[in-house]
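S.K.: Next up, target10.txt (compact mmCIF, C-alpha atoms).
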# COMPACT_ATOMS: atom_id res chain seq x y z
CA MET A 1 28.73 45.79 26.24
CA LYS A 2 29.29 45.77 22.49
CA ARG A 3 30.18 42.09 22.63
CA ILE A 4 26.93 41.31 24.46
CA ILE A 5 24.89 43.25 21.90
CA VAL A 6 26.64 41.47 19.01
CA LEU A 7 26.03 38.12 20.71
CA LEU A 8 22.32 38.90 21.18
CA ILE A 9 21.94 39.99 17.56
CA THR A 10 23.70 36.81 16.39
CA LEU A 11 21.39 34.66 18.51
CA MET A 12 18.33 36.48 17.18
CA LEU A 13 19.44 36.02 13.57
CA PHE A 14 20.18 32.35 14.22
CA SER A 15 16.73 31.85 15.78
CA LEU A 16 15.03 33.58 12.87
CA ASN A 17 16.96 31.42 10.42
CA VAL A 18 15.98 28.22 12.25
CA PHE A 19 12.34 29.35 12.40
CA ALA A 20 12.33 30.19 8.69
CA THR A 21 13.87 26.80 7.87
CA LYS A 22 11.26 24.94 9.96
CA THR A 23 8.46 26.97 8.40
CA ALA A 24 9.76 26.17 4.91
CA GLU A 25 9.73 22.46 5.74
CA LEU A 26 6.05 22.49 6.74
CA LYS A 27 3.79 21.54 3.87
CA THR A 28 0.02 21.87 3.76
CA SER A 29 -2.50 19.53 2.14
CA GLU A 30 -2.42 21.71 -0.97
CA TYR A 31 1.20 20.68 -1.58
CA TRP A 32 0.48 16.96 -1.14
CA LEU A 33 -2.65 17.16 -3.30
CA GLU A 34 -0.67 18.76 -6.10
CA LYS A 35 2.01 16.09 -5.73
CA ALA A 36 -0.60 13.34 -6.11
CA LYS A 37 -2.15 15.12 -9.08
CA THR A 38 1.21 15.43 -10.85
CA GLU A 39 1.95 11.74 -10.34
CA ALA A 40 -1.52 10.74 -11.52
CA TYR A 41 -1.25 12.89 -14.65
CA GLU A 42 1.85 10.91 -15.64
CA GLU A 43 0.01 7.59 -15.40
CA ILE A 44 -3.64 8.19 -16.22
CA ASN A 45 -5.16 8.48 -19.66
CA LEU A 46 -8.92 8.77 -19.35
CA TYR A 47 -9.73 8.71 -23.03
CA SER A 48 -13.45 8.27 -22.39
CA ALA A 49 -16.19 9.19 -19.92
CA PHE A 50 -14.18 11.83 -18.03
CA ASP A 51 -11.56 14.44 -18.70
CA LEU A 52 -8.58 14.80 -16.37
CA ASP A 53 -9.50 18.44 -15.74
CA GLU A 54 -12.87 17.31 -14.34
CA ILE A 55 -11.23 15.20 -11.62
CA THR A 56 -11.16 16.87 -8.22
CA TYR A 57 -9.03 14.45 -6.19
CA TYR A 58 -6.68 11.53 -6.81
CA ALA A 59 -5.75 8.73 -4.44
CA LYS A 60 -3.94 5.41 -4.48
CA HIS A 61 -6.19 2.38 -4.11
CA ILE A 62 -6.11 0.20 -0.96
CA ASN A 63 -6.24 -3.27 -2.50
CA ASP A 64 -7.36 -5.37 0.47
CA ASP A 65 -10.89 -5.33 1.86
CA VAL A 66 -9.65 -6.38 5.31
CA PHE A 67 -6.29 -4.57 5.38
CA TYR A 68 -6.94 -3.51 8.98
CA LYS A 69 -6.97 -7.15 10.13
CA LYS A 70 -3.63 -7.83 8.49
CA ILE A 71 -2.08 -4.72 10.02
CA LEU A 72 -3.03 -6.15 13.41
CA ASP A 73 -1.29 -9.37 12.35
CA GLY A 74 1.92 -7.45 11.80
CA LYS A 75 1.73 -6.77 8.06
CA LYS A 76 3.09 -3.51 6.65
CA PHE A 77 0.53 -1.00 5.43
CA SER A 78 2.57 -0.45 2.27
CA ASP A 79 1.72 -4.03 1.26
CA PHE A 80 -1.89 -2.96 0.71
CA ILE A 81 -1.34 0.23 -1.28
CA TYR A 82 -1.91 -0.46 -4.97
CA GLU A 83 0.72 1.57 -6.80
CA ASP A 84 -0.81 0.85 -10.21
CA LYS A 85 -4.42 1.72 -9.48
CA TRP A 86 -5.89 5.20 -8.95
CA ASP A 87 -9.20 6.21 -7.40
CA CYS A 88 -10.39 9.51 -8.85
CA ILE A 89 -13.28 11.66 -7.65
CA VAL A 90 -15.34 13.76 -10.03
CA ASP A 91 -17.29 16.33 -8.02
CA CYS A 92 -20.26 18.44 -9.11
CA GLU A 93 -20.08 22.22 -8.96
CA GLU A 94 -21.33 23.87 -5.77
CA GLY A 95 -22.82 20.58 -4.52
CA TYR A 96 -25.84 20.45 -6.82
CA GLU A 97 -26.93 17.10 -8.22
CA LYS A 98 -25.88 16.07 -11.69
CA ASP A 99 -27.85 13.22 -13.25
CA GLY A 100 -29.11 12.33 -9.78
CA TYR A 101 -25.63 12.06 -8.22
CA TYR A 102 -23.45 14.47 -6.29
CA PHE A 103 -20.10 12.89 -7.12
CA THR A 104 -18.57 9.85 -8.81
CA LYS A 105 -15.55 7.78 -7.81
CA ILE A 106 -13.79 5.99 -10.64
CA VAL A 107 -11.08 3.34 -10.35
CA TYR A 108 -8.45 3.58 -13.07
CA VAL A 109 -5.81 0.90 -13.78
CA PRO A 110 -2.87 2.40 -15.74
CA ASN A 111 -1.33 -1.02 -16.46
CA PHE A 112 -4.35 -1.92 -18.58
CA ASP A 113 -5.31 1.67 -19.47
CA ILE A 114 -8.91 1.08 -18.43
CA THR A 115 -11.47 2.31 -15.95
CA ARG A 116 -12.27 -0.71 -13.82
CA ALA A 117 -15.41 0.52 -12.06
CA ASP A 118 -17.48 3.61 -11.35
CA THR A 119 -19.28 4.28 -8.07
CA GLN A 120 -21.83 7.10 -7.96
CA TYR A 121 -22.92 8.68 -4.68
CA GLN A 122 -26.24 10.35 -3.92
CA MET A 123 -24.75 12.55 -1.20
CA PRO A 124 -22.54 15.65 -1.05
CA LEU A 125 -18.81 14.96 -1.18
CA PRO A 126 -17.43 14.83 2.40
CA LEU A 127 -13.98 15.89 1.16
CA ASN A 128 -14.54 19.61 1.71
CA ASP A 129 -12.62 22.68 2.84
CA GLU A 130 -13.41 21.93 6.48
CA TRP A 131 -11.83 18.46 6.27
CA PHE A 132 -8.67 19.74 4.59
CA ALA A 133 -8.41 22.62 7.08
CA ALA A 134 -8.52 20.07 9.92
CA LEU A 135 -5.83 18.03 8.16
CA ASP A 136 -3.60 21.10 7.83
CA GLU A 137 -4.09 21.92 11.50
CA VAL A 138 -2.90 18.44 12.50
CA MET A 139 0.09 18.48 10.15
CA LEU A 140 1.23 21.98 11.15
CA SER A 141 0.80 21.43 14.89
CA GLY A 142 4.09 19.58 15.25
CA GLU A 143 2.45 16.80 17.26
CA LEU A 144 3.28 14.21 14.60
CA GLY A 145 6.96 15.12 14.45
CA ASN A 146 8.72 15.73 11.16
CA ILE A 147 6.36 14.70 8.37
CA GLU A 148 8.19 12.80 5.65
CA ASN A 149 5.33 11.98 3.30
CA VAL A 150 1.55 12.30 2.95
CA SER A 151 -0.36 10.01 0.59
CA PHE A 152 -4.05 10.09 -0.22
CA LEU A 153 -5.61 6.63 -0.20
CA SER A 154 -9.05 5.36 -1.15
CA TYR A 155 -10.79 2.34 0.34
CA ASP A 156 -14.03 0.55 -0.40
CA ALA A 157 -15.48 -2.85 0.43
CA ASP A 158 -18.69 -4.05 -1.18
CA ASN A 159 -20.71 -6.44 1.00
CA SER A 160 -23.77 -6.48 -1.23
CA GLU A 161 -24.78 -9.94 -2.44
CA GLY A 162 -25.35 -8.71 -5.98
CA ALA A 163 -21.72 -7.67 -6.27
CA ARG A 164 -20.57 -11.20 -5.49
CA THR A 165 -22.83 -13.24 -7.76
CA TYR A 166 -20.71 -13.41 -10.91
CA ILE A 167 -17.05 -13.65 -11.86
CA GLY A 168 -16.32 -12.90 -15.49
CA GLY A 169 -20.01 -13.18 -16.32
CA GLU A 170 -20.31 -16.67 -14.89
CA PRO A 171 -22.36 -17.45 -11.75
CA ILE A 172 -20.39 -18.72 -8.77
CA GLU A 173 -21.20 -20.96 -5.85
CA ARG A 174 -21.12 -19.19 -2.53
CA ASP A 175 -21.73 -19.74 1.14
CA ASP A 176 -24.83 -17.66 1.98
CA SER A 177 -24.03 -17.88 5.70
CA LEU A 178 -21.21 -15.39 5.11
CA TRP A 179 -23.87 -12.67 4.93
CA ASP A 180 -25.42 -13.49 8.33
CA ASN A 181 -23.29 -10.89 10.12
CA VAL A 182 -23.50 -8.13 7.49
CA THR A 183 -24.66 -4.82 8.96
CA GLU A 184 -23.36 -2.52 6.21
CA ASP A 185 -23.68 -3.26 2.50
CA PHE A 186 -20.89 -0.89 1.54
CA TYR A 187 -17.88 0.74 3.17
CA SER A 188 -16.06 3.65 1.60
CA ALA A 189 -13.47 6.06 2.94
CA TRP A 190 -10.70 8.42 1.94
CA PHE A 191 -7.51 8.57 4.02
CA ALA A 192 -4.60 10.91 4.39
CA TYR A 193 -1.78 8.51 5.21
CA ILE A 194 0.90 10.43 7.11
CA GLU A 195 4.42 9.08 7.55
CA SER A 196 6.67 10.89 10.02
CA ASP A 197 9.72 10.25 12.17
CA LYS A 198 7.32 9.41 15.01
CA GLY A 199 5.29 6.77 13.16
CA GLU A 200 2.41 6.19 10.74
CA TYR A 201 -0.98 7.90 11.02
CA LEU A 202 -4.35 7.86 9.28
CA PHE A 203 -6.62 10.87 8.94
CA PRO A 204 -9.93 9.48 7.62
CA CYS A 205 -12.84 10.93 5.71
CA VAL A 206 -15.67 8.42 5.98
CA ILE A 207 -17.84 8.45 2.86
CA ASP A 208 -20.15 5.50 3.44
CA GLY A 209 -20.70 2.89 6.15
CA ASP A 210 -20.08 2.88 9.91
CA MET A 211 -16.44 1.93 10.47
CA GLY A 212 -16.16 3.19 14.04
CA ILE A 213 -13.70 5.91 13.04
CA GLU A 214 -14.43 9.65 12.83
CA SER A 215 -13.81 11.93 9.90
CA GLY A 216 -11.33 14.69 10.60
CA LYS A 217 -9.65 12.93 13.52
CA ILE A 218 -6.04 11.72 13.58
CA TYR A 219 -5.33 8.08 14.43
CA GLU A 220 -2.14 6.15 14.92
CA LEU A 221 -2.15 3.43 12.25
CA TYR A 222 -2.46 0.47 14.62
CA GLU A 223 -5.13 2.28 16.67
CA CYS A 224 -7.20 2.94 13.55
CA ALA A 225 -6.89 -0.72 12.50
CA GLU A 226 -8.08 -1.86 15.95
CA ILE A 227 -11.17 0.35 15.83
CA MET A 228 -12.07 -0.72 12.29
CA ASN A 229 -11.62 -4.38 13.17
CA ALA A 230 -13.90 -4.02 16.20
CA ASN A 231 -16.68 -2.27 14.26
CA MET A 232 -16.62 -3.70 10.74
CA TYR A 233 -17.65 -6.96 9.13
CA VAL A 234 -16.50 -7.59 5.58
CA VAL A 235 -17.56 -10.69 3.68
CA GLU A 236 -14.40 -12.60 2.82
CA ASP A 237 -14.81 -14.86 -0.21
CA ASP A 238 -13.25 -15.47 -3.61
CA VAL A 239 -14.63 -12.21 -5.00
CA ALA A 240 -13.28 -9.94 -2.27
CA GLU A 241 -10.05 -8.11 -3.07
CA LEU A 242 -7.78 -9.88 -0.63
CA VAL A 243 -3.99 -9.86 -0.81
CA GLU A 244 -2.69 -13.41 -1.07
CA ASP A 245 -1.18 -14.84 2.08
CA ASP A 246 2.56 -15.28 1.76
CA THR A 247 2.56 -18.53 3.78
CA PHE A 248 2.41 -20.48 0.51
CA TRP A 249 5.55 -18.80 -0.77
CA VAL A 250 7.38 -19.18 2.54
CA TYR A 251 6.66 -22.92 2.40
CA HIS A 252 8.14 -23.18 -1.08
CA VAL A 253 11.25 -21.20 -0.15
CA VAL A 254 11.88 -23.43 2.88
CA ALA A 255 11.31 -26.53 0.75
CA ALA A 256 13.77 -25.26 -1.88
CA ILE A 257 16.40 -24.61 0.80
CA CYS A 258 15.91 -28.13 2.20
CA VAL A 259 16.31 -29.64 -1.28
CA LEU A 260 19.47 -27.57 -1.83
CA VAL A 261 20.99 -28.68 1.50
CA VAL A 262 20.20 -32.34 0.78
CA GLY A 263 21.71 -31.98 -2.70
CA VAL A 264 24.91 -30.46 -1.32
CA CYS A 265 25.18 -33.27 1.23
CA VAL A 266 24.73 -35.96 -1.46
CA VAL A 267 27.31 -34.33 -3.75
CA SER A 268 29.75 -34.00 -0.82
CA ILE A 269 29.36 -37.70 0.03
CA VAL A 270 29.96 -38.69 -3.61
CA ILE A 271 33.06 -36.46 -3.83
CA ILE A 272 34.45 -37.87 -0.59
CA LYS A 273 33.92 -41.45 -1.80
CA LYS A 274 35.56 -40.71 -5.15
CA SER A 275 38.45 -38.99 -3.41
CA LYS A 276 39.03 -42.04 -1.27
CA LYS A 277 39.05 -44.25 -4.39
CA LEU A 278 41.50 -41.93 -6.16
CA ILE A 279 43.81 -41.92 -3.16
CA LYS A 280 43.68 -45.73 -3.04
CA ARG A 281 44.44 -45.96 -6.77
CA ALA A 282 47.24 -43.45 -6.42
CA ARG A 283 48.90 -45.68 -3.87
CA GLU A 284 48.40 -48.79 -5.98
CA ARG A 285 49.18 -47.32 -9.44
CA PRO A 286 51.07 -44.01 -9.05
CA PHE A 287 52.02 -43.61 -12.74
CA PHE A 288 48.45 -44.08 -14.05
CA THR A 289 47.06 -41.63 -11.47
CA ALA A 290 49.64 -38.95 -12.38
CA TYR A 291 48.76 -39.31 -16.08
CA TYR A 292 45.00 -39.04 -15.24
CA PHE A 293 45.43 -35.80 -13.31
CA ILE A 294 47.60 -34.30 -16.08
CA LEU A 295 44.87 -34.98 -18.66
CA MET A 296 42.13 -33.64 -16.34
CA PHE A 297 43.82 -30.29 -15.68
CA THR A 298 44.89 -29.93 -19.32
CA PHE A 299 41.36 -30.16 -20.71
Write the structure described by the file as structure tokens, please.
M.R.:
Amino acid sequence: MKRIIVLLITLMLFSLNVFATKTAELKTSEYWLEKAKTEAYEEINLYSAFDLDEITYYAKHINDDVFYKKILDGKKFSDFIYEDKWDCIVDCEEGYEKDGYYFTKIVYVPNFDITRADTQYQMPLPLNDEWFAALDEVMLSGELGNIENVSFLSYDADNSEGARTYIGGEPIERDDSLWDNVTEDFYSAWFAYIESDKGEYLFPCVIDGDMGIESGKIYELYECAEIMNANMYVVEDDVAELVEDDTFWVYHVVAAICVLVVGVCVVSIVIIKKSKKLIKRARERPFFTAYYFILMFTF
């Protein structure tokens, strides 16, 4: 009887220990937000316009206007996350308007120590307690498996014609037919990008534009890309932020390998021919050949 009681107590203690360990591993959005903030503080120096303490949220910048298309083509999502560019949101207190705007999103580039662009919104910030509570519910449910990392990402695509008129202050030629299918002038969203042992997921907060995805709903990465691709039209031209296709580089690598192989073949043929000549000379003039090899290996 005593042995059974001891065994039961041991099992209970083991179960409690496992439960406590699992609970300790679960992290809420507050943890991941603080992690992003700490990383941003190390890279950002907003010496003008805004103070770091005024910034409410930080996110990495998605650097491809049509990243969803390229995910469907088999590209990795990490290829489109700009590690050296931060999107920061400055929110107004209690939702009241400040200078006619509810919140401002600024894009900061640490490499150049500059603010690249500011976007001001005349609407309340959708990133609210309700959205983060929904995110926590998804992450703590266990449905996504063991969560390894959560990143906050910001995305925007400007379809407006005025935004694509100049490059570096100079007017550019453009194909006006590209705007025939435009239904939304501007797309903007904030994503929680969740990486787990089960896969990759996106938890969106749509700020502007109809992308076909819902705020506060979890999507598998490929599923989210499919929906966005079916519902969005982004003007693709020289001004759009598009990641360069790597086909050009693949071509050059293949060409370099071909040149190397041809070079090796040519050198091999020359060596073989010279070897044959040396062997022939060795047979005809053995003393001269021996002297030649002695000099060659000496120097």
S.K.: At a cut-off of 12 Å, can you tabulate as CSV every residue of segment 55-135 of chain A near segment 203-207 of chain A together with its closest atom pair and the distance in Å to one decimal, using all atoms listed in the file and ordering rows by chain then number?
M.R.:
residue,atom,partner,partner_atom,distance
A:Ile89,CA,A:Ile207,CA,11.9
A:Phe103,CA,A:Ile207,CA,11.2
A:Thr104,CA,A:Ile207,CA,11.8
A:Lys105,CA,A:Ile207,CA,10.9
A:Thr119,CA,A:Ile207,CA,11.8
A:Gln120,CA,A:Ile207,CA,11.6
A:Tyr121,CA,A:Ile207,CA,9.1
A:Gln122,CA,A:Ile207,CA,11.0
A:Met123,CA,A:Ile207,CA,9.0
A:Pro124,CA,A:Ile207,CA,9.4
A:Leu125,CA,A:Ile207,CA,7.7
A:Pro126,CA,A:Ile207,CA,6.4
A:Leu127,CA,A:Cys205,CA,6.8
A:Asn128,CA,A:Cys205,CA,9.7
A:Glu130,CA,A:Cys205,CA,11.0
A:Trp131,CA,A:Cys205,CA,7.6
A:Phe132,CA,A:Cys205,CA,9.8
A:Ala134,CA,A:Phe203,CA,9.4
A:Leu135,CA,A:Phe203,CA,7.2
S.K.: So the first atom is atom CA of Tyr187 of chain A and the second is atom CA of Phe112 of chain A; what is the distance between them in Å, to one decimal place?
M.R.: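 Result for atom CA of Tyr187 of chain A versus atom CA of Phe112 of chain A: 25.8 Å, one decimal.
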S.K.: Looking at only C-alpha atoms, which of A:Asp210, A:Asp136, A:Tyr222, A:Glu236 is the one that sits closest to Leu178 of chain A?
M.R.: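 Closest to Leu178 of chain A of all the choices is A:Glu236.
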S.K.: Quick one: pull the distance between atom CA of Ser196 of chain A and atom CA of Val150 of chain A, Å, one decimal.
M.R.: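 Going from atom CA of Ser196 of chain A over to atom CA of Val150 of chain A, I get 8.8 Å.
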S.K.: Pick the closest to Asp180 of chain A from A:Val234, A:Leu26, A:Ala133, A:Met139: which is it, counting only C-alpha atoms?
M.R.: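 Checking each of A:Val234, A:Leu26, A:Ala133, A:Met139 against Asp180 of chain A, counting only C-alpha atoms, the winner is A:Val234.
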S.K.: Could you please determine the separation between atom CA of Ile147 of chain A and atom CA of Thr28 of chain A in Å, to one decimal place?
M.R.: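 These two atoms are separated by 10.6 Å.
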S.K.: Show me the residues around (6.3, 15.6, 6.6) - criterion: an atom at most 12 Å away, all atoms listed in the file counted - as a short mmCIF file (atom, residue, chain, number, x, y, z; two decimals) with C-alpha atoms, in the coordinates of the input.
M.R.:
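In the end it all went to result.cif:
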data_model
loop_
_atom_site.label_atom_id
_atom_site.label_comp_id
_atom_site.auth_asym_id
_atom_site.auth_seq_id
_atom_site.Cartn_x
_atom_site.Cartn_y
_atom_site.Cartn_z
CA LYS A 22 11.26 24.94 9.96
CA THR A 23 8.46 26.97 8.40
CA ALA A 24 9.76 26.17 4.91
CA GLU A 25 9.73 22.46 5.74
CA LEU A 26 6.05 22.49 6.74
CA LYS A 27 3.79 21.54 3.87
CA THR A 28 0.02 21.87 3.76
CA SER A 29 -2.50 19.53 2.14
CA TYR A 31 1.20 20.68 -1.58
CA TRP A 32 0.48 16.96 -1.14
CA ASP A 136 -3.60 21.10 7.83
CA VAL A 138 -2.90 18.44 12.50
CA MET A 139 0.09 18.48 10.15
CA LEU A 140 1.23 21.98 11.15
CA SER A 141 0.80 21.43 14.89
CA GLY A 142 4.09 19.58 15.25
CA GLU A 143 2.45 16.80 17.26
CA LEU A 144 3.28 14.21 14.60
CA GLY A 145 6.96 15.12 14.45
CA ASN A 146 8.72 15.73 11.16
CA ILE A 147 6.36 14.70 8.37
CA GLU A 148 8.19 12.80 5.65
CA ASN A 149 5.33 11.98 3.30
CA VAL A 150 1.55 12.30 2.95
CA SER A 151 -0.36 10.01 0.59
CA TYR A 193 -1.78 8.51 5.21
CA ILE A 194 0.90 10.43 7.11
CA GLU A 195 4.42 9.08 7.55
CA SER A 196 6.67 10.89 10.02
CA ASP A 197 9.72 10.25 12.17
CA LYS A 198 7.32 9.41 15.01
CA GLY A 199 5.29 6.77 13.16
CA GLU A 200 2.41 6.19 10.74
CA TYR A 201 -0.98 7.90 11.02
#
S.K.: Using only C-alpha atoms and a cutoff of 7 Å, can you tell me which residues are near (-18.6, -7.4, 0.9) in the file's coordinates, and write them out as a PyMOL selection string?
M.R.: chain A and resi 157-160+185-186+234-236+240
S.K.: Counting only C-alpha atoms, which residue out of A:Cys224, A:Tyr219, A:Tyr57, A:Asp73 sits closest to Glu30 of chain A?
M.R.: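 That would be A:Tyr57, the residue with the smallest distance to Glu30 of chain A.
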S.K.: Return the single residue from A:Leu221, A:Phe152, A:Gly100, A:Gly216 that is closest to Glu34 of chain A, with distances computed using all atoms listed in the file.
M.R.: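 For Glu34 of chain A, the nearest of the candidates is A:Phe152.
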S.K.: Excluding Asp79 of chain A and residues on its chain fewer than 4 positions from it, collect all residues at most 10 Å away from it, counting all atoms listed in the file, and give them as a ChimeraX atom specification.
M.R.: /A:62-64,67,70-71,75,83,243
S.K.: I need the residue nearest Val107 of chain A from this list: A:Tyr68, A:Tyr41, A:Phe80, A:Tyr58. Use all atoms listed in the file for the distance.
M.R.: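 So, comparing all the options, the nearest one is A:Tyr58.
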S.K.: Find, counting only C-alpha atoms, the residue in A:Leu52, A:Val66, A:Ala192, A:Val182 that gets nearest to Met228 of chain A.
M.R.: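 Among the listed residues, A:Val66 lies closest to Met228 of chain A.
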